[in-house]
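Chemist: Structure in structure tokens, see below.
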Amino acid sequence: MTCGRCGCSITAEIQKNRYIYYHCTGSKGKCEKAYIREELLEDKLGQVVKKIVIDDAKLEWIKEALKASHVDEKAYHDEMIGKLTLRHKKLQQKLDQAYEDKLEGKITEEFWNRKSEQWIEEQSRILSEIQCHQNANKSYFDEGIKILELASKAYFLYQKQEAPEKRKLLNFLLSNCQVIDGTLYPTYRKPFDLLAEGNKTEKWGG
Ligand SMILES: [Zn+2]
């Protein structure tokens, strides 16, 4: 959290040995020191979490949309995998042929060494590209679902967890949170910004 007025960090201070207050450090010079009690801040951060929560109906609806777009996504990666596999096979045929030619003395040892090294290198590049497309196929949908499910129960999790877990969750959802006069202005990380925006405007089409 940072102070929206001067950009300094927000820090905690204990008073009367029992109340914890949060305020701007004011380290860039004097800043209006609005103090927020810890309990109130915790509650306000809870409201920030609540803004990305989607209900079950929306969760199902977005899952379906994700599944549909995953079909296109998968078709693209499958096509690339097909092309790369073919290229890999052709290189193998070249290697086999050149090896025969070398044995029969049709090409020189030097030519064989140079070409075979080049082709084997290309083959290993192709294999790692294929791996990337395979991973993309798997993660696109799975990660999307995981994120949506987290979003649907984020507020519930926030409420029942201890402070360190709350902090982790907030860190996962937000890149920053500014405080001005006790009001929070969160910056959501992607894709949670889209969920917050969708909840605010009720426009989910895009
Ligand atoms: Zn400040």
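Residues in the structure tokens are named by chain (A, B, ... in the order shown) and by number from 1 within that chain; ligands are numbered from 1 in the order shown.
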Select from chain A every residue with an atom at most 12 Å from any atom of ligand 1, then for each give the shortest pair of atoms and their distance in Å to one decimal, using only C-alpha atoms and all ligand atoms, rows by chain and rising number, as a Markdown table.
Modeler:
| residue | atom | partner | partner_atom_place_in_ligand_line | distance |
| --- | --- | --- | --- | --- |
| A:Met1 | CA | ligand 1 | 1 (Zn) | 10.9 |
| A:Thr2 | CA | ligand 1 | 1 (Zn) | 7.7 |
| A:Cys3 | CA | ligand 1 | 1 (Zn) | 4.6 |
| A:Gly4 | CA | ligand 1 | 1 (Zn) | 6.6 |
| A:Arg5 | CA | ligand 1 | 1 (Zn) | 5.0 |
| A:Cys6 | CA | ligand 1 | 1 (Zn) | 4.2 |
| A:Gly7 | CA | ligand 1 | 1 (Zn) | 6.0 |
| A:Cys8 | CA | ligand 1 | 1 (Zn) | 5.4 |
| A:Ser9 | CA | ligand 1 | 1 (Zn) | 7.6 |
| A:Ile10 | CA | ligand 1 | 1 (Zn) | 7.9 |
| A:Thr11 | CA | ligand 1 | 1 (Zn) | 10.5 |
| A:Tyr22 | CA | ligand 1 | 1 (Zn) | 11.5 |
| A:His23 | CA | ligand 1 | 1 (Zn) | 8.0 |
| A:Cys24 | CA | ligand 1 | 1 (Zn) | 4.6 |
| A:Thr25 | CA | ligand 1 | 1 (Zn) | 6.6 |
| A:Gly26 | CA | ligand 1 | 1 (Zn) | 5.1 |
| A:Ser27 | CA | ligand 1 | 1 (Zn) | 8.0 |
| A:Lys28 | CA | ligand 1 | 1 (Zn) | 7.8 |
| A:Gly29 | CA | ligand 1 | 1 (Zn) | 8.3 |
| A:Lys30 | CA | ligand 1 | 1 (Zn) | 7.6 |
| A:Cys31 | CA | ligand 1 | 1 (Zn) | 4.7 |
| A:Glu32 | CA | ligand 1 | 1 (Zn) | 6.4 |
| A:Lys33 | CA | ligand 1 | 1 (Zn) | 7.0 |
| A:Ala34 | CA | ligand 1 | 1 (Zn) | 8.8 |
| A:Tyr35 | CA | ligand 1 | 1 (Zn) | 11.1 |
| A:Gln178 | CA | ligand 1 | 1 (Zn) | 10.0 |
| A:Val179 | CA | ligand 1 | 1 (Zn) | 8.7 |
| A:Ile180 | CA | ligand 1 | 1 (Zn) | 8.4 |
| A:Asp181 | CA | ligand 1 | 1 (Zn) | 9.8 |
| A:Gly182 | CA | ligand 1 | 1 (Zn) | 11.5 |
Chemist: Can you pull out the residues contacting A:Lys90? Cut-off 10 Å, using only C-alpha atoms, and skip same-chain residues under 5 positions away; I want them as a list in words.
Modeler: Leu84, Thr85, Leu95, Asp96, Trp119 and Gln123 of chain A
Chemist: Write down as a count of residues only the residues of stretch 12-110 of chain A whose backbone DSSP state falls under strand (DSSP E or B).
Modeler: 12
Chemist: Here is a test: counting only C-alpha atoms, which residue of A:Leu174, A:Leu194, A:Leu148, A:Ile130 is nearest to A:Leu59?
Modeler: A:Leu148
Chemist: Using backbone DSSP assignments, extract all alpha helix (DSSP H) residues from chain A; output them as a VMD selection string.
Modeler: chain A and resid 38 to 50 56 to 103 109 to 160 163 to 173 192 to 201
Chemist: Out of A:Gln118, A:Asp56, A:Phe192, A:Ile14, which residue has the shortest atom-to-atom distance to A:Ile36 when counting only C-alpha atoms?
Modeler: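 So, comparing all the options, the nearest one is A:Ile14.
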Chemist: Kindly indicate which residue among A:Tyr155, A:Ala136, A:Tyr99, A:Thr183 lies nearest to A:Phe111, using only C-alpha atoms for the distances.
Modeler: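 Going through A:Tyr155, A:Ala136, A:Tyr99, A:Thr183 one by one, the smallest distance to A:Phe111 is for A:Tyr99.
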Chemist: Please provide the set of residues having any atom within 12 Å of A:Lys153, restricted to only C-alpha atoms, with same-chain residues fewer than 4 positions apart removed, written as a PyMOL selection string.
Modeler: chain A and resi 49-56+59+146-149+157-160+169
Chemist: Using only C-alpha atoms, which protein or nucleic acid residues come within 9 Å of stretch 138-142 of chain A? Drop anything in the same chain fewer than 6 positions from it, and give the result as a PyMOL selection string.
Modeler: chain A and resi 63+66-67+70+73-74
Chemist: Produce a file of the selected residues containing N, CA and C atoms, as a short mmCIF file (atom, residue, chain, number, x, y, z; two decimals), in the first residue's frame.
Modeler:
data_model
loop_
_atom_site.label_atom_id
_atom_site.label_comp_id
_atom_site.auth_asym_id
_atom_site.auth_seq_id
_atom_site.Cartn_x
_atom_site.Cartn_y
_atom_site.Cartn_z
N LYS A 63 -16.80 -20.02 -17.89
CA LYS A 63 -16.15 -21.30 -18.18
C LYS A 63 -16.52 -21.80 -19.58
N LEU A 66 -14.80 -19.74 -22.14
CA LEU A 66 -13.38 -20.10 -22.16
C LEU A 66 -13.19 -21.42 -22.92
N LYS A 67 -14.11 -22.34 -22.68
CA LYS A 67 -14.03 -23.63 -23.35
C LYS A 67 -14.15 -23.44 -24.86
N HIS A 70 -11.16 -21.97 -26.24
CA HIS A 70 -10.08 -22.95 -26.14
C HIS A 70 -10.05 -23.86 -27.37
N GLU A 73 -8.09 -21.97 -29.89
CA GLU A 73 -6.71 -21.93 -29.41
C GLU A 73 -6.03 -23.28 -29.65
N LYS A 74 -6.74 -24.34 -29.32
CA LYS A 74 -6.18 -25.68 -29.45
C LYS A 74 -5.95 -26.02 -30.92
#
Chemist: Take atom CA of A:Glu197 and atom CA of A:Asp43 and report the distance between them in Å, one decimal.
Modeler: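 Atom-to-atom, atom CA of A:Glu197 to atom CA of A:Asp43, that is 20.8 Å.
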Chemist: Can you pull out the residues contacting stretch 187-191 of chain A? Cut-off 9 Å, using only C-alpha atoms, and skip same-chain residues under 4 positions away; I want them as a list in words.
Modeler: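 Counting only C-alpha atoms, the residues come to Ile147, Phe172, Leu173, Leu174, Ser175, Asn176, Cys177, Gln178, Leu195 and Ala196 of chain A.
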Chemist: Could those selected residues go to a file with N, CA and C atoms, as a compact mmCIF listing (two decimals), in the first residue's frame?
Modeler:
# COMPACT_ATOMS: atom_id res chain seq x y z
N ILE A 147 -8.09 -19.81 -12.07
CA ILE A 147 -8.20 -18.40 -11.71
C ILE A 147 -9.65 -18.02 -11.44
N PHE A 172 -1.59 -11.49 -4.50
CA PHE A 172 -1.89 -12.22 -5.73
C PHE A 172 -2.89 -11.45 -6.60
N LEU A 173 -3.82 -10.77 -5.94
CA LEU A 173 -4.88 -10.08 -6.66
C LEU A 173 -4.51 -8.66 -7.07
N LEU A 174 -3.68 -8.01 -6.25
CA LEU A 174 -3.39 -6.58 -6.47
C LEU A 174 -1.91 -6.34 -6.72
N SER A 175 -1.64 -5.36 -7.60
CA SER A 175 -0.24 -4.98 -7.77
C SER A 175 0.08 -3.80 -6.86
N ASN A 176 -0.94 -3.06 -6.48
CA ASN A 176 -0.74 -1.92 -5.60
C ASN A 176 -2.11 -1.50 -5.04
N CYS A 177 -2.06 -0.76 -3.95
CA CYS A 177 -3.29 -0.20 -3.43
C CYS A 177 -2.96 1.16 -2.83
N GLN A 178 -3.55 2.19 -3.40
CA GLN A 178 -3.30 3.53 -2.89
C GLN A 178 -4.33 3.88 -1.82
N LEU A 195 -12.32 -8.88 -14.09
CA LEU A 195 -13.44 -9.33 -13.27
C LEU A 195 -14.02 -8.15 -12.48
N ALA A 196 -13.13 -7.30 -11.95
CA ALA A 196 -13.59 -6.12 -11.21
C ALA A 196 -14.38 -5.21 -12.14
Chemist: Could you work out how far atom CA of A:Lys200 lies from atom CA of A:Tyr185, giving the answer in Å with one decimal?
Modeler: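 These two atoms are separated by 14.3 Å.
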Chemist: So that I can see what lies close to A:Gln134, please list as an MDAnalysis selection string the residues with an atom at most 10 Å from it, counting only C-alpha atoms and leaving out residues fewer than 5 positions away in the same chain.
Modeler: chainID A and resid 74 77:78 80:81 128:129 139
